[in-house]
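Q: To be precise about what I am sending: the file is called query-v2.txt and holds compact mmCIF, C-alpha atoms.
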# COMPACT_ATOMS: atom_id res chain seq x y z
CA MET D 1144 0.00 0.00 0.00
CA SER D 1145 2.96 2.35 0.36
CA ALA D 1146 3.19 2.38 -3.44
CA VAL D 1147 -0.46 3.34 -3.73
CA LYS D 1148 -0.13 6.10 -1.16
CA GLU D 1149 3.04 7.50 -2.73
CA SER D 1150 1.43 7.50 -6.17
CA LEU D 1151 -1.49 9.61 -4.96
CA GLU D 1152 0.58 12.80 -5.06
CA ARG D 1153 1.97 11.93 -8.49
CA THR D 1154 -1.55 11.34 -9.83
CA GLN D 1155 -2.78 14.66 -8.46
CA ARG D 1156 0.18 16.57 -9.92
CA SER D 1157 -0.01 14.90 -13.33
CA SER D 1158 -1.86 16.59 -16.16
CA GLY D 1159 -2.69 13.13 -17.52
CA PRO D 1160 -1.27 11.07 -20.39
CA LYS D 1161 -1.39 12.35 -23.93
CA GLY D 1162 -1.83 10.37 -27.13
CA ASN D 1163 -4.28 7.74 -28.34
CA TYR D 1164 -6.10 6.09 -25.47
CA VAL D 1165 -7.92 2.79 -25.16
CA GLU D 1166 -9.80 1.11 -22.38
CA THR D 1167 -7.64 -1.17 -20.30
CA ASN D 1168 -8.03 -4.90 -20.74
CA TRP D 1169 -8.90 -7.12 -17.77
CA PHE D 1170 -8.19 -10.82 -17.39
CA TYR D 1171 -11.14 -13.08 -16.59
CA TRP D 1172 -11.46 -16.86 -16.56
CA LYS D 1173 -14.75 -18.64 -17.16
CA ALA D 1174 -15.41 -21.97 -15.45
CA GLY D 1175 -13.19 -24.58 -17.10
CA GLU D 1176 -11.23 -21.99 -19.10
CA THR D 1177 -7.44 -22.02 -19.49
CA LYS D 1178 -5.25 -19.02 -20.28
CA ALA D 1179 -1.49 -18.74 -20.68
CA ILE D 1180 -0.14 -15.40 -19.50
CA ARG D 1181 3.25 -13.78 -19.01
CA PHE D 1182 3.34 -11.55 -15.96
CA LEU D 1183 4.86 -8.13 -16.57
CA THR D 1184 4.72 -7.31 -12.86
CA ASP D 1185 7.12 -9.26 -10.69
CA ALA D 1186 6.05 -10.64 -7.32
CA ASP D 1187 7.53 -7.78 -5.28
CA ASN D 1188 5.54 -5.19 -7.26
CA ILE D 1189 2.09 -6.78 -7.09
CA LEU D 1190 -0.23 -4.30 -5.39
CA VAL D 1191 -2.37 -5.88 -2.68
CA VAL D 1192 -5.17 -3.61 -1.49
CA PRO D 1193 -8.34 -4.03 0.60
CA VAL D 1194 -11.41 -3.54 -1.58
CA HIS D 1195 -15.19 -3.55 -1.24
CA GLU D 1196 -16.65 -5.39 -4.24
CA ASN D 1197 -20.13 -5.47 -5.79
CA VAL D 1198 -21.23 -2.41 -3.83
CA PRO D 1199 -24.63 -1.01 -4.96
CA THR D 1200 -24.25 2.50 -6.40
CA HIS D 1201 -26.68 5.40 -6.74
CA ASP D 1202 -27.65 4.38 -10.30
CA GLY D 1203 -28.55 0.78 -9.47
CA LYS D 1204 -25.26 -0.71 -10.68
CA THR D 1205 -22.49 -2.31 -8.61
CA LYS D 1206 -18.90 -1.09 -8.35
CA THR D 1207 -15.61 -1.93 -6.67
CA PHE D 1208 -14.12 0.54 -4.18
CA VAL D 1209 -10.67 0.60 -2.62
CA CYS D 1210 -11.24 0.80 1.11
CA ARG D 1211 -10.58 4.30 2.39
CA LYS D 1212 -8.61 2.83 5.30
CA ALA D 1213 -5.88 2.05 2.76
CA PHE D 1214 -5.34 5.82 2.70
CA ASP D 1215 -5.39 6.17 6.49
CA ALA D 1216 -8.90 7.61 6.35
CA SER D 1217 -12.24 6.57 7.79
CA CYS D 1218 -14.31 4.32 5.50
CA GLU D 1219 -18.07 4.61 5.36
CA LEU D 1220 -18.37 1.18 3.74
CA CYS D 1221 -16.54 -0.42 6.66
CA ASP D 1222 -18.77 1.54 9.05
CA ASN D 1223 -21.78 0.02 7.27
CA LYS D 1224 -20.31 -3.50 7.56
CA VAL D 1225 -19.83 -3.93 3.79
CA TYR D 1226 -17.72 -7.01 3.08
CA ARG D 1227 -14.06 -6.32 2.42
CA ARG D 1228 -11.24 -8.54 1.16
CA ASP D 1229 -7.66 -8.17 -0.06
CA VAL D 1230 -7.17 -8.26 -3.83
CA GLY D 1231 -3.92 -8.37 -5.76
CA TYR D 1232 -3.41 -6.33 -8.94
CA ALA D 1233 -0.70 -7.00 -11.54
CA ALA D 1234 -0.07 -6.46 -15.26
CA ALA D 1235 0.27 -9.36 -17.70
CA VAL D 1236 0.22 -10.12 -21.42
CA LEU D 1237 -1.96 -12.83 -22.89
CA ARG D 1238 -0.05 -15.55 -24.73
CA GLU D 1239 -1.06 -18.21 -27.23
CA GLU D 1240 0.41 -21.51 -28.32
CA VAL D 1241 2.49 -21.86 -31.45
CA ARG D 1242 2.13 -25.31 -33.04
CA ASP D 1243 4.02 -27.13 -35.78
CA GLU D 1244 2.43 -29.03 -38.66
CA SER D 1245 1.86 -32.09 -36.48
CA GLY D 1246 -0.01 -30.02 -33.89
CA LYS D 1247 2.75 -30.13 -31.27
CA VAL D 1248 3.23 -26.99 -29.17
CA THR D 1249 6.57 -25.45 -30.09
CA GLY D 1250 6.37 -22.18 -28.16
CA TYR D 1251 4.25 -19.18 -27.19
CA ARG D 1252 3.68 -15.72 -28.63
CA ASP D 1253 1.65 -12.63 -27.82
CA VAL D 1254 -2.06 -12.51 -28.52
CA THR D 1255 -2.43 -9.31 -30.54
CA ASP D 1256 -5.21 -6.95 -31.53
CA THR D 1257 -5.41 -3.80 -33.64
CA TYR D 1258 -6.10 -0.17 -32.80
CA GLU D 1259 -6.50 3.00 -34.84
CA THR D 1260 -4.54 6.21 -34.48
CA GLU D 1261 -4.30 9.50 -36.33
CA GLU D 1262 -1.10 10.32 -38.21
CA ASP D 1263 -0.81 13.36 -40.48
CA GLY D 1264 -4.58 13.62 -40.63
CA LYS D 1265 -5.03 9.99 -41.66
CA THR D 1266 -6.37 7.03 -39.71
CA VAL D 1267 -3.70 4.34 -39.37
CA THR D 1268 -4.29 0.80 -38.09
CA LYS D 1269 -1.58 -0.65 -35.85
CA ARG D 1270 -1.08 -3.79 -33.78
CA LYS D 1271 -0.83 -4.11 -30.03
CA PRO D 1272 -0.42 -7.03 -27.63
CA TYR D 1273 -3.24 -7.94 -25.28
CA VAL D 1274 -1.82 -6.39 -22.11
CA GLY D 1275 -4.13 -5.99 -19.15
CA ILE D 1276 -4.72 -6.24 -15.43
CA VAL D 1277 -5.01 -9.44 -13.41
CA SER D 1278 -7.24 -8.72 -10.41
CA GLN D 1279 -7.83 -11.69 -8.12
CA GLY D 1280 -8.23 -12.73 -4.51
CA MET D 1281 -5.33 -13.85 -2.39
CA ARG D 1282 -6.44 -17.28 -1.22
CA ASN D 1283 -7.72 -18.97 -4.35
CA PHE D 1284 -5.45 -17.31 -6.93
CA TRP D 1285 -2.36 -15.47 -5.73
CA ASN D 1286 -1.35 -18.23 -3.34
CA GLN D 1287 -0.77 -20.40 -6.43
CA ILE D 1288 1.32 -17.69 -8.06
CA ALA D 1289 3.31 -17.17 -4.86
CA VAL D 1290 4.40 -20.82 -4.91
CA ILE D 1291 5.73 -20.39 -8.47
CA SER D 1292 7.52 -17.17 -7.56
CA GLU D 1293 9.17 -18.76 -4.54
CA LYS D 1294 10.28 -21.81 -6.52
CA TYR D 1295 11.70 -20.03 -9.57
CA GLY D 1296 12.62 -16.64 -8.13
CA ASP D 1297 10.56 -14.51 -10.53
CA LEU D 1298 7.31 -14.44 -12.47
CA ARG D 1299 8.42 -12.84 -15.72
CA GLY D 1300 10.75 -15.53 -17.04
CA ARG D 1301 8.14 -18.00 -18.27
CA GLU D 1302 4.54 -18.44 -19.27
CA ILE D 1303 2.14 -19.45 -16.53
CA GLU D 1304 -0.87 -21.49 -17.56
CA ILE D 1305 -3.88 -20.90 -15.33
CA ILE D 1306 -6.96 -23.08 -15.26
CA ARG D 1307 -10.20 -22.13 -13.53
CA GLN D 1308 -12.27 -24.90 -12.02
CA GLY D 1309 -15.79 -24.37 -10.72
CA ALA D 1310 -17.83 -21.21 -10.35
CA GLY D 1311 -19.09 -18.90 -7.64
CA THR D 1312 -17.88 -19.73 -4.15
CA ASP D 1313 -16.57 -23.10 -5.40
CA THR D 1314 -14.05 -21.52 -7.76
CA THR D 1315 -10.45 -22.68 -7.59
CA TYR D 1316 -7.49 -21.88 -9.81
CA MET D 1317 -4.62 -24.15 -10.81
CA ALA D 1318 -1.43 -22.46 -12.03
CA PHE D 1319 1.40 -24.24 -13.85
CA ALA D 1320 4.80 -22.76 -14.64
CA LEU D 1321 5.82 -23.64 -18.19
CA ASP D 1322 9.37 -24.01 -19.46
CA PRO D 1323 11.51 -20.89 -19.01
CA LYS D 1324 11.73 -18.65 -22.06
CA PRO D 1325 13.09 -15.10 -21.98
CA ILE D 1326 11.29 -12.37 -23.92
CA GLU D 1327 13.85 -10.02 -25.37
CA ASN D 1328 13.66 -6.49 -23.97
CA ILE D 1329 10.61 -7.33 -21.86
CA ASP D 1330 11.00 -4.09 -19.87
CA THR D 1331 10.68 -1.89 -22.95
CA ARG D 1332 8.68 -4.14 -25.30
CA TYR D 1333 5.38 -3.61 -23.46
CA SER D 1334 6.12 -0.35 -21.66
CA LYS D 1335 3.74 1.83 -23.68
CA PHE D 1336 0.90 -0.67 -23.29
CA LEU D 1337 1.06 -0.96 -19.50
CA PRO D 1338 -2.04 0.22 -17.62
CA ASP D 1339 -1.72 2.73 -14.79
CA ILE D 1340 -2.73 0.37 -11.98
CA GLU D 1341 -1.70 2.75 -9.20
CA GLY D 1342 -3.65 5.61 -10.73
CA PHE D 1343 -6.69 3.37 -11.15
CA LEU D 1344 -6.58 2.25 -7.50
CA ASN D 1345 -6.20 5.83 -6.37
CA ARG D 1346 -9.25 6.85 -8.36
CA ILE D 1347 -11.56 4.13 -7.05
CA GLY D 1348 -10.44 4.87 -3.49
CA SER D 1349 -10.81 8.65 -3.65
CA VAL D 1350 -13.39 10.76 -1.83
CA GLU D 1351 -14.56 12.06 -5.21
CA TYR D 1352 -15.21 8.53 -6.48
CA TYR D 1353 -17.14 7.58 -3.32
CA ASP D 1354 -19.27 10.71 -3.65
CA ALA D 1355 -19.89 10.20 -7.36
CA GLN D 1356 -20.74 6.50 -7.22
CA LEU D 1357 -22.58 6.28 -3.91
CA ARG D 1358 -24.43 9.59 -4.01
CA GLY D 1359 -24.22 10.85 -7.59
CA VAL D 1360 -22.30 13.95 -6.50
CA VAL D 1361 -19.81 14.91 -9.21
CA LYS D 1362 -17.70 18.05 -8.79
CA GLU D 1363 -15.72 17.52 -11.98
CA LYS D 1364 -16.19 15.03 -14.77
CA PRO D 1365 -13.67 12.30 -13.86
CA GLN D 1366 -12.14 9.74 -16.13
CA GLU D 1367 -14.28 6.62 -16.02
CA ALA D 1368 -12.96 4.71 -13.02
CA GLY D 1369 -13.33 1.34 -14.69
CA THR D 1370 -10.59 2.23 -17.16
CA ALA D 1371 -6.93 3.06 -16.95
CA SER D 1372 -5.74 4.71 -20.14
CA VAL D 1373 -2.47 4.06 -21.89
CA SER D 1374 -0.76 5.89 -24.73
CA TYR D 1375 0.64 4.37 -27.92
CA GLU D 1376 2.99 6.99 -29.27
CA ASP D 1377 5.00 4.97 -31.78
CA ASP D 1378 4.95 1.67 -33.60
CA ASP D 1379 8.08 -0.12 -32.40
CA TYR D 1380 6.11 -3.20 -31.33
CA ALA D 1381 7.02 -6.18 -33.51
CA GLU D 1382 6.48 -9.92 -33.46
CA GLU D 1383 8.95 -11.65 -31.18
CA GLU D 1384 11.24 -14.54 -31.88
CA TYR D 1385 10.15 -17.40 -29.68
CA VAL D 1386 12.24 -20.27 -28.33
CA ALA D 1387 10.86 -23.71 -29.13
CA LEU D 1388 9.77 -25.95 -26.28
CA GLU D 1389 11.20 -29.43 -26.68
CA GLU D 1390 9.18 -31.32 -24.09
CA GLU D 1391 5.54 -31.70 -23.14
CA THR D 1392 4.83 -29.55 -20.09
CA VAL D 1393 3.23 -30.64 -16.82
CA ALA D 1394 0.25 -28.45 -17.70
CA ASP D 1395 -0.16 -30.26 -21.04
CA ARG D 1396 -0.16 -33.63 -19.35
CA LEU D 1397 -2.67 -32.55 -16.71
CA ARG D 1398 -4.93 -30.96 -19.32
CA LYS D 1399 -5.00 -34.22 -21.28
CA LYS D 1400 -5.76 -36.14 -18.08
CA LEU D 1401 -8.63 -33.83 -17.24
CA ALA D 1402 -9.97 -34.14 -20.81
CA ASP D 1403 -9.85 -37.95 -20.64
CA ASN D 1404 -11.86 -37.86 -17.42
Please rewrite the model in this file as structure tokens.

A:
Amino acid sequence: MSAVKESLERTQRSSGPKGNYVETNWFYWKAGETKAIRFLTDADNILVVPVHENVPTHDGKTKTFVCRKAFDASCELCDNKVYRRDVGYAAAVLREEVRDESGKVTGYRDVTDTYETEEDGKTVTKRKPYVGIVSQGMRNFWNQIAVISEKYGDLRGREIEIIRQGAGTDTTYMAFALDPKPIENIDTRYSKFLPDIEGFLNRIGSVEYYDAQLRGVVKEKPQEAGTASVSYEDDDYAEEEYVALEEETVADRLRKKLADN
């Protein structure tokens, strides 16, 4: 939380990013769904904050709020006994399998999408990787990731395949570390696509956000709190060279076992 608190002053001083903005992606798993992701946030930089989720708002919707106690302030939601839990936030890029002619997995690459930008008065279509925010609870998700981090020393050196089992309160996640594979220039490759997680958490924990969402009181028109904008100022993103995987992974074997059952 020290990172969130320290970023509050930076967010208030900033005039905001400039460029072409898009809504931030979020990672979700449906029951039975598997995704391979590469974390762009290492374990030490995952932000863990207390949040109130699915809180009814003035317009009949539900929203997530960072607990005001995270900012050393009184929290009206806590006073009203609204459920609170710790949630971890990190950035990741979605990855997909690369297969040879026989169907064998030979590696992983970024899942990409396109976006439009204006250059010299013309609309230009460019590519971007699917970079977004992983937002999950500590017990049934991040505890799995913590085991991988402790075993291998970092989260960014390999794909992690995550499987969701069940739904609702019976949801569990299984995470498998795949073979190590460095991504060249990982620190700069995705830098312009990274969401402003700290700024987002500051917004949904601010007095202004509480007033706007709970009571409909808006002093200034804020940026939509469900988004965290990023700027794509150039087109230096290019397809990576991937290192082939020579052996079937533990996740592959388990997935086949689950399919057979």

Q: What does the distance between atom CA of D:Lys1212 and atom CA of D:Val1194 come to in Å, to one decimal place?

A: 9.8 Å

Q: Could you give me, as a CSV table (one decimal) with C-alpha atoms, in the coordinates of the input, the residues within 10 Å of D:Pro1272, counting all atoms listed in the file and dropping anything in the same chain fewer than 2 positions from it?

A:
chain,number,residue,atom,x,y,z
D,1236,VAL,CA,0.2,-10.1,-21.4
D,1237,LEU,CA,-2.0,-12.8,-22.9
D,1238,ARG,CA,0.0,-15.6,-24.7
D,1252,ARG,CA,3.7,-15.7,-28.6
D,1253,ASP,CA,1.6,-12.6,-27.8
D,1254,VAL,CA,-2.1,-12.5,-28.5
D,1255,THR,CA,-2.4,-9.3,-30.5
D,1256,ASP,CA,-5.2,-7.0,-31.5
D,1257,THR,CA,-5.4,-3.8,-33.6
D,1270,ARG,CA,-1.1,-3.8,-33.8
D,1274,VAL,CA,-1.8,-6.4,-22.1
D,1275,GLY,CA,-4.1,-6.0,-19.2
D,1332,ARG,CA,8.7,-4.1,-25.3
D,1333,TYR,CA,5.4,-3.6,-23.5
D,1336,PHE,CA,0.9,-0.7,-23.3
D,1380,TYR,CA,6.1,-3.2,-31.3
D,1381,ALA,CA,7.0,-6.2,-33.5
D,1382,GLU,CA,6.5,-9.9,-33.5

Q: For each of D:Arg1307, D:Val1225, D:Phe1170, D:Pro1193, take the minimum atom-to-atom distance to D:Arg1211, counting all atoms listed in the file, then give the residue where this is smallest.

A: D:Pro1193

Q: Pick from D:Asp1215, D:Asp1354, D:Glu1176, D:Asp1187: nearest to D:Tyr1232, with all atoms listed in the file counted?

A: D:Asp1187

Q: Please measure the separation of atom CA of D:Glu1196 and atom CA of D:Ala1235, giving the value in Å to one decimal.

A: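 Distance between the two atoms: 22.0 Å.
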
Q: Just the residues within 9 Å of D:Tyr1316, please, counting all atoms listed in the file, with nothing from its chain fewer than 5 positions along; format it as a list in words.

A: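 Returned residues: Asn1283, Phe1284, Gln1287, Ile1305, Ile1306, Arg1307, Gln1308 and Gly1309 of chain D.
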
Q: Interatomic distance between atom CA of D:Leu1190 and atom CA of D:Ser1349?

A: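 Separation of atom CA of D:Leu1190 and atom CA of D:Ser1349: 16.8 Å.
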
Q: Quick one: everything within 12 Å of D:Thr1205, counting only C-alpha atoms, minus sequence neighbours fewer than 3 positions away in the same chain. Send it as a ChimeraX atom specification.

A: /D:1195-1202,1208,1356-1357,1369

Q: Which is closer to D:Thr1184 than all the others in D:Arg1228, D:Ile1340, D:Asp1243, D:Tyr1295, using only C-alpha atoms?

A: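 Looking only at the distances to D:Thr1184, the closest residue turns out to be D:Ile1340.
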